[in-house]
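Visitor: File input-v7.txt follows (compact mmCIF, C-alpha atoms):
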```
# COMPACT_ATOMS: atom_id res chain seq x y z
CA MET A 18 67.96 -8.54 46.10
CA ASN A 19 68.49 -6.27 49.10
CA PHE A 20 65.91 -3.60 49.89
CA ASP A 21 67.18 -0.10 49.20
CA PRO A 22 64.85 2.61 50.60
CA SER A 23 66.53 5.21 48.40
CA ASP A 24 65.43 3.31 45.28
CA PRO A 25 61.87 4.45 44.40
CA ASP A 26 61.11 1.10 42.75
CA HIS A 27 61.96 -0.72 45.99
CA LEU A 28 60.07 1.78 48.13
CA CYS A 29 56.93 1.63 45.99
CA ALA A 30 57.02 -2.18 46.00
CA ALA A 31 57.31 -2.16 49.80
CA LEU A 32 54.42 0.29 50.11
CA CYS A 33 52.33 -1.87 47.79
CA ALA A 34 53.01 -4.94 49.93
CA GLY A 35 52.09 -2.96 53.03
CA PHE A 36 48.82 -1.73 51.52
CA ALA A 37 47.90 -5.25 50.40
CA THR A 38 48.67 -6.71 53.82
CA TRP A 39 46.60 -4.03 55.53
CA CYS A 40 43.59 -4.73 53.29
CA LEU A 41 43.88 -8.47 53.77
CA VAL A 42 44.03 -8.23 57.55
CA ALA A 43 41.24 -5.63 57.60
CA SER A 44 39.01 -7.99 55.62
CA TRP A 45 39.56 -10.72 58.21
CA VAL A 46 38.83 -8.38 61.09
CA THR A 47 35.72 -6.72 59.60
CA GLY A 48 34.35 -9.46 57.37
CA THR A 49 34.01 -6.95 54.51
CA TYR A 50 36.04 -6.79 51.32
CA SER A 51 36.12 -3.20 50.03
CA HIS A 52 39.27 -2.07 51.80
CA VAL A 53 41.15 -1.88 48.50
CA ASP A 54 38.36 0.36 47.21
CA ARG A 55 39.06 2.73 50.10
CA LEU A 56 42.68 3.05 48.98
CA TRP A 57 42.09 2.88 45.22
CA SER A 58 42.10 6.65 44.76
CA ILE A 59 45.09 7.20 47.04
CA THR A 60 47.84 4.69 46.32
CA PRO A 61 48.66 5.67 42.68
CA ALA A 62 49.17 9.27 43.83
CA VAL A 63 51.44 8.04 46.63
CA TYR A 64 53.55 6.03 44.17
CA ALA A 65 53.77 8.93 41.71
CA SER A 66 54.83 11.21 44.56
CA VAL A 67 57.60 8.82 45.56
CA TYR A 68 59.04 8.98 42.04
CA ALA A 69 58.64 12.77 41.95
CA TYR A 70 60.53 13.12 45.23
CA ALA A 71 63.26 10.70 44.13
CA SER A 72 63.71 12.67 40.90
CA GLY A 73 64.33 15.87 42.83
CA PHE A 74 60.90 17.09 41.73
CA ASP A 75 61.76 16.90 38.06
CA ALA A 76 59.22 18.73 35.88
CA ARG A 77 57.75 15.63 34.24
CA ALA A 78 57.63 13.49 37.39
CA SER A 79 56.16 16.36 39.43
CA THR A 80 53.53 17.08 36.80
CA MET A 81 52.52 13.42 36.79
CA ALA A 82 52.29 13.36 40.58
CA ALA A 83 50.15 16.51 40.60
CA LEU A 84 47.77 15.02 38.03
CA THR A 85 47.38 11.82 40.03
CA TRP A 86 46.50 13.85 43.14
CA VAL A 87 43.84 15.76 41.19
CA TRP A 88 42.46 12.43 39.96
CA GLY A 89 42.70 10.91 43.44
CA ILE A 90 41.12 13.76 45.37
CA ARG A 91 38.17 13.89 42.98
CA LEU A 92 37.65 10.12 43.11
CA THR A 93 38.01 10.06 46.89
CA TYR A 94 35.36 12.76 47.20
CA ASN A 95 32.99 10.86 44.95
CA PHE A 96 33.57 7.62 46.85
CA ALA A 97 33.12 9.34 50.22
CA ARG A 98 29.84 11.05 49.36
CA LYS A 99 28.39 7.69 48.34
CA GLY A 100 29.24 6.36 51.81
CA GLY A 101 32.24 4.30 50.71
CA TYR A 102 34.15 5.04 53.92
CA SER A 103 31.23 4.26 56.23
CA LYS A 104 31.71 1.48 58.74
CA GLY A 105 30.70 -1.88 57.35
CA GLU A 106 30.19 -0.53 53.81
CA GLN A 107 31.35 -2.68 50.91
CA ASP A 108 30.86 -2.96 47.17
CA TYR A 109 27.52 -4.68 46.47
CA ARG A 110 29.23 -6.98 43.97
CA TRP A 111 31.40 -8.84 46.48
CA PRO A 112 28.51 -10.65 48.25
CA VAL A 113 27.08 -11.60 44.85
CA LEU A 114 30.43 -12.89 43.61
CA ARG A 115 30.87 -14.85 46.82
CA GLU A 116 27.82 -16.92 45.87
CA HIS A 117 29.56 -18.18 42.73
CA PRO A 118 29.87 -22.00 42.92
CA LEU A 119 33.68 -21.84 42.66
CA LEU A 120 33.93 -19.32 45.51
CA LYS A 121 31.27 -20.51 47.94
CA HIS A 122 33.63 -22.56 50.04
CA PRO A 123 35.33 -20.38 52.72
CA VAL A 124 38.79 -21.63 51.72
CA ALA A 125 38.17 -20.80 48.06
CA TRP A 126 36.87 -17.34 48.96
CA GLN A 127 39.86 -16.55 51.17
CA ALA A 128 42.21 -17.73 48.44
CA PHE A 129 40.43 -15.31 46.10
CA ASN A 130 40.60 -12.61 48.77
CA LEU A 131 44.36 -13.10 49.10
CA GLY A 132 45.17 -13.60 45.43
CA PHE A 133 42.86 -11.14 43.70
CA ILE A 134 41.18 -8.69 46.06
CA ALA A 135 44.19 -7.82 48.22
CA THR A 136 47.25 -8.74 46.13
CA TYR A 137 46.35 -8.42 42.45
CA GLN A 138 44.37 -5.21 42.78
CA HIS A 139 47.14 -3.49 44.71
CA ALA A 140 49.72 -4.74 42.23
CA LEU A 141 47.56 -3.26 39.47
CA LEU A 142 47.42 0.09 41.24
CA LEU A 143 51.20 0.09 41.42
CA LEU A 144 51.49 -0.83 37.75
CA ILE A 145 49.18 1.91 36.48
CA ALA A 146 51.46 4.42 38.23
CA ARG A 147 54.60 2.82 36.76
CA PRO A 148 54.96 5.40 33.96
CA SER A 149 56.28 7.64 36.74
CA SER A 150 59.33 5.37 36.90
CA ALA A 151 60.14 6.32 33.29
CA ALA A 152 59.96 9.99 34.29
CA TYR A 153 62.33 9.27 37.17
CA GLU A 154 64.79 7.52 34.86
CA ALA A 155 64.67 10.45 32.40
CA LYS A 156 64.81 13.18 35.04
CA GLY A 157 66.20 16.45 33.78
CA SER A 158 65.12 15.88 30.18
CA GLY A 159 62.32 18.46 30.28
CA LEU A 160 58.78 18.34 28.94
CA ASN A 161 58.10 17.79 25.25
CA ALA A 162 55.09 17.82 22.91
CA LEU A 163 53.97 14.33 23.94
CA ASP A 164 53.96 15.37 27.59
CA ARG A 165 51.64 18.25 26.77
CA ILE A 166 49.31 15.94 24.89
CA ALA A 167 49.32 13.55 27.86
CA ILE A 168 48.51 16.40 30.25
CA ALA A 169 45.60 17.57 28.11
CA LEU A 170 44.19 14.06 27.64
CA PHE A 171 44.51 13.06 31.30
CA ALA A 172 42.84 16.29 32.44
CA PHE A 173 40.06 15.89 29.87
CA PHE A 174 39.22 12.34 30.90
CA VAL A 175 39.27 13.19 34.61
CA ALA A 176 36.81 16.03 33.87
CA PHE A 177 34.72 13.69 31.69
CA GLU A 178 34.58 11.08 34.45
CA SER A 179 33.69 13.74 36.99
CA HIS A 180 30.79 14.91 34.84
CA ALA A 181 29.51 11.35 34.41
CA ASP A 182 29.76 10.67 38.15
CA GLN A 183 27.91 13.91 38.89
CA GLN A 184 25.08 13.00 36.52
CA GLN A 185 24.79 9.59 38.19
CA TRP A 186 24.89 11.19 41.65
CA ILE A 187 22.08 13.63 40.84
CA PHE A 188 19.98 10.80 39.42
CA GLN A 189 20.50 8.42 42.33
CA GLN A 190 19.92 11.07 44.98
CA SER A 191 16.75 12.39 43.37
CA LYS A 192 15.54 8.88 42.57
CA HIS A 193 15.69 7.99 46.26
CA ARG A 194 14.34 11.41 47.22
CA ALA A 195 17.37 12.24 49.37
CA PRO A 196 17.05 15.49 51.36
CA GLY A 197 17.87 18.47 49.20
CA HIS A 198 17.48 16.56 45.94
CA ALA A 199 14.15 17.20 44.26
CA ARG A 200 12.97 15.08 41.35
CA VAL A 201 14.17 16.31 37.95
CA ASN A 202 11.39 16.44 35.37
CA ALA A 203 13.76 15.56 32.52
CA LEU A 204 14.61 12.29 34.28
CA ARG A 205 11.03 11.09 34.86
CA ASP A 206 11.35 8.21 32.38
CA ASP A 207 14.62 7.09 33.98
CA TYR A 208 13.00 7.09 37.43
CA LYS A 209 10.48 4.64 36.01
CA ARG A 210 13.17 2.47 34.48
CA GLY A 211 15.24 2.58 37.67
CA PHE A 212 18.53 3.47 35.96
CA LEU A 213 20.02 6.45 34.15
CA THR A 214 19.85 6.63 30.34
CA SER A 215 20.13 10.40 29.90
CA GLY A 216 23.05 12.79 29.48
CA LEU A 217 26.34 10.99 28.88
CA PHE A 218 24.60 7.72 29.68
CA ARG A 219 22.60 8.04 26.46
CA TYR A 220 25.82 7.44 24.51
CA SER A 221 27.57 5.01 26.84
CA ARG A 222 26.20 2.72 29.52
CA HIS A 223 29.35 3.34 31.56
CA PRO A 224 30.91 6.68 30.54
CA ASN A 225 32.75 6.86 33.87
CA PHE A 226 34.35 3.44 33.28
CA PHE A 227 35.38 4.56 29.79
CA ALA A 228 36.97 7.76 31.08
CA GLU A 229 38.83 5.99 33.89
CA GLN A 230 40.50 3.63 31.45
CA CYS A 231 41.34 6.42 29.04
CA ALA A 232 42.87 8.54 31.80
CA TRP A 233 45.40 5.83 32.64
CA VAL A 234 46.13 5.03 29.00
CA SER A 235 46.85 8.76 28.65
CA TYR A 236 49.10 8.56 31.70
CA TYR A 237 51.18 5.95 29.90
CA LEU A 238 51.96 8.58 27.24
CA PHE A 239 54.25 10.21 29.79
CA ALA A 240 56.42 7.09 29.69
CA VAL A 241 56.54 7.28 25.90
CA ALA A 242 57.44 10.97 26.17
CA ALA A 243 60.18 10.24 28.71
CA LYS A 244 61.82 7.74 26.36
CA TRP A 245 61.39 9.89 23.25
CA ASP A 246 64.30 12.10 22.28
CA GLY A 247 62.14 14.40 20.19
CA ARG A 248 63.76 13.27 16.96
CA ALA A 249 62.85 9.60 16.55
CA ASP A 250 60.04 8.80 14.12
CA LEU A 251 57.03 7.81 16.27
CA PHE A 252 55.16 6.33 13.31
CA GLY A 253 57.97 4.88 11.24
CA ALA A 254 59.40 1.38 10.95
CA SER A 255 60.62 1.40 14.55
CA TRP A 256 57.31 2.54 16.03
CA ARG A 257 57.30 -0.37 18.52
CA ASP A 258 60.50 0.90 20.08
CA ALA A 259 58.87 4.30 20.55
CA TRP A 260 55.47 3.23 21.84
CA VAL A 261 55.78 -0.16 23.54
CA HIS A 262 57.40 -0.18 26.98
CA GLU A 263 56.96 -2.25 30.12
CA GLN A 264 55.41 0.75 31.89
CA GLY A 265 52.29 0.20 29.78
CA ILE A 266 51.43 -3.15 31.36
CA GLY A 267 49.31 -1.50 34.05
CA ALA A 268 47.10 0.34 31.55
CA VAL A 269 46.56 -2.87 29.57
CA LEU A 270 45.65 -4.85 32.70
CA LEU A 271 43.30 -2.09 33.85
CA VAL A 272 41.43 -2.17 30.53
CA LEU A 273 41.15 -5.96 30.77
CA LEU A 274 39.88 -5.72 34.35
CA PHE A 275 37.16 -3.29 33.30
CA GLN A 276 35.95 -5.66 30.58
CA GLY A 277 35.23 -8.37 33.14
CA SER A 278 33.99 -5.93 35.77
CA THR A 279 31.55 -4.32 33.33
CA ARG A 280 30.06 -7.65 32.29
CA PHE A 281 29.66 -8.76 35.90
CA THR A 282 28.11 -5.43 36.94
CA GLU A 283 25.64 -5.61 34.07
CA SER A 284 24.66 -9.17 34.89
CA ILE A 285 23.51 -7.89 38.30
CA THR A 286 21.82 -4.80 36.87
CA SER A 287 19.96 -6.83 34.23
CA GLY A 288 18.53 -9.08 36.91
CA LYS A 289 17.31 -6.08 38.89
CA TYR A 290 15.86 -3.95 36.09
CA PRO A 291 13.90 -5.76 33.30
CA GLU A 292 14.21 -2.83 30.88
CA TYR A 293 18.01 -2.83 31.07
CA ALA A 294 18.15 -5.43 28.28
CA GLU A 295 16.67 -2.94 25.83
CA TYR A 296 19.08 -0.26 27.02
CA ARG A 297 21.96 -2.62 26.25
CA LYS A 298 20.65 -3.07 22.71
CA THR A 299 20.46 0.65 22.02
CA THR A 300 23.53 1.99 23.83
CA SER A 301 27.28 1.35 23.62
CA ALA A 302 28.78 -0.36 26.67
CA LEU A 303 31.85 1.85 27.11
CA VAL A 304 32.93 3.99 24.15
CA PRO A 305 30.46 6.89 23.72
CA LEU A 306 28.65 6.39 20.42
CA PRO A 307 25.41 7.62 18.84
CA PRO A 308 22.47 5.51 20.09
CA PHE A 309 21.74 2.38 18.05
CA GLY A 310 18.00 2.99 18.33
CA LYS A 311 15.32 4.73 20.34
CA LEU A 312 14.40 3.53 23.80
CA ARG A 313 10.76 2.69 24.27
CA ALA A 314 8.78 4.55 26.89
CA PRO A 315 9.07 2.84 30.29
CA THR A 316 6.11 0.82 31.54
CA LYS A 317 6.75 1.03 35.28
CA LYS A 318 5.50 3.96 37.35
CA ALA A 319 8.12 6.12 39.07
```
Output the file's structure in the form of structure tokens.
Guide:
Amino acid sequence: MNFDPSDPDHLCAALCAGFATWCLVASWVTGTYSHVDRLWSITPAVYASVYAYASGFDARASTMAALTWVWGIRLTYNFARKGGYSKGEQDYRWPVLREHPLLKHPVAWQAFNLGFIATYQHALLLLIARPSSAAYEAKGSGLNALDRIAIALFAFFVAFESHADQQQWIFQQSKHRAPGHARVNALRDDYKRGFLTSGLFRYSRHPNFFAEQCAWVSYYLFAVAAKWDGRADLFGASWRDAWVHEQGIGAVLLVLLFQGSTRFTESITSGKYPEYAEYRKTTSALVPLPPFGKLRAPTKKA
């Protein structure tokens, strides 16, 4: 198949390959492996913008692009303030994962770096933005009720994630007594535990993870809206035709990735904080739910 720069599918695929190559080479040069993380909040917005431009800035495609930029700018800000763009900085989980028996050998690790870190993650970022391709294909059809629901849900989950990240930021900064961040009396027990169990984190151990997944599942609704003529029965016998489309693969893969990522993250956290095991027993992992029980008072001094 010949490359056609005027085809947004071709252009996005080429950009994805370029981003993956850049991250792979950067990992070899720097010896760190969080270069995809540095682009995570940027590339979906770039892909959505390509489809919006190709559609002649159709209402649906442009709305989707605007939402991804809101999501991306917020996430970039949060990543930057935690030092994610600092020289030599990388996700603390990569060095731990590198000690896994199957990945200890340099050849095995570089195969993982090529196959998963650089290639698969960038492919996933392209796929979660793929609902924009449905908007491009249906350009000129106008927004409908499902679009408005998708807008509301996406905006809600971005705001929810922002609130969770802010609660975690305040806790971490005050826990480490960063300049300008005084200790919060209401968090004194969490300082002793070493991790946050208050606010949204009382109902979910990872409310930000939950919201991130939900935001991109909501984004898929735009693809459903683009293929819906406003008359077909969304809940009738042919519901699969209305709801199941290839543009949803990215959202499914993202949810699956978070299941493994959450378990791996918690295996590290449990080893660092003895009282985390009790927190796991009393609090939902992802979906916010009423607590399963009352946390005991912490034993460690703050």
Visitor: As a PDB file with C-alpha atoms, in the frame of the given file, please: the residues near Tyr220 of chain A (cut-off 8 Å, only C-alpha atoms, same-chain neighbours under 2 positions excluded).
Guide:
```
ATOM      1  CA  GLY A 216      23.050  12.790  29.480  1.00  0.00           C
ATOM      2  CA  LEU A 217      26.340  10.990  28.880  1.00  0.00           C
ATOM      3  CA  PHE A 218      24.600   7.720  29.680  1.00  0.00           C
ATOM      4  CA  ARG A 222      26.200   2.720  29.520  1.00  0.00           C
ATOM      5  CA  PRO A 224      30.910   6.680  30.540  1.00  0.00           C
ATOM      6  CA  THR A 300      23.530   1.990  23.830  1.00  0.00           C
ATOM      7  CA  SER A 301      27.280   1.350  23.620  1.00  0.00           C
ATOM      8  CA  VAL A 304      32.930   3.990  24.150  1.00  0.00           C
ATOM      9  CA  PRO A 305      30.460   6.890  23.720  1.00  0.00           C
ATOM     10  CA  LEU A 306      28.650   6.390  20.420  1.00  0.00           C
ATOM     11  CA  PRO A 307      25.410   7.620  18.840  1.00  0.00           C
ATOM     12  CA  PRO A 308      22.470   5.510  20.090  1.00  0.00           C
TER      13      PRO A 308
END
```
Visitor: Just the residues within 6 Å of segment 238-242 of chain A, please, counting all atoms listed in the file, with nothing from its chain fewer than 6 positions along; format it as a list in words.
Guide: Pro148, Ala151, Leu163, Asp164, Ala167 and Trp260 of chain A
Visitor: What is the distance between atom CA of Glu178 of chain A and atom CA of Leu92 of chain A, in Å to one decimal?
Guide: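 So the two atoms, atom CA of Glu178 of chain A and atom CA of Leu92 of chain A, lie 9.2 Å apart.
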Visitor: List the neighbours of Ala76 of chain A out to 12 Å using all atoms listed in the file; skip same-chain residues closer than 4 positions along the sequence, and give me the result as number ranges by chain.
Guide: A: 68-70, 72, 80-83, 149, 152-153, 155-161, 164-165, 239, 243
Visitor: For a cutoff of 12 Å around the file-coordinate point (30.3, -13.4, 43.7), which residues qualify once you count all atoms listed in the file? I'd like the result as a ChimeraX atom specification.
Guide: /A:50,108-122,125-126,129-130,278,281-282,284-285
Visitor: Return the single residue from A:Gln107, A:Ser191, A:Thr93, A:Gln185 that is closest to Leu56 of chain A, with distances computed using all atoms listed in the file.
Guide: A:Thr93
Visitor: With distances taken over all atoms listed in the file, which residue among A:Arg219, A:His180, A:Arg147, A:His139 lies nearest Arg297 of chain A?
Guide: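 The shortest atom-to-atom distance to Arg297 of chain A comes from A:Arg219.
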Visitor: I'd like the neighbourhood of Ala62 of chain A as a ChimeraX atom specification, where a residue qualifies if any of its atoms comes within 7 Å (using only C-alpha atoms), though same-chain residues fewer than 4 positions away should be ignored.
Guide: /A:66,82,85-86,89
Visitor: What does the structure give for the distance between atom CA of Arg210 of chain A and atom CA of Gln189 of chain A, in Å to one decimal?
Guide: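 Going from atom CA of Arg210 of chain A over to atom CA of Gln189 of chain A covers 12.3 Å.
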Visitor: Give the centre and edge lengths of an axis-aligned box, in Å to one decimal, that holds all listed atoms of segment 229-248 of chain A with 6 Å on each side, as lines of an AutoDock Vina configuration file.
Guide:
```
center_x = 51.6
center_y = 9.0
center_z = 25.4
size_x = 37.5
size_y = 22.8
size_z = 28.9
```
Visitor: Report, in Å to a single decimal, how far apart atom CA of Phe227 of chain A and atom CA of Gly211 of chain A are.
Guide: 21.7 Å
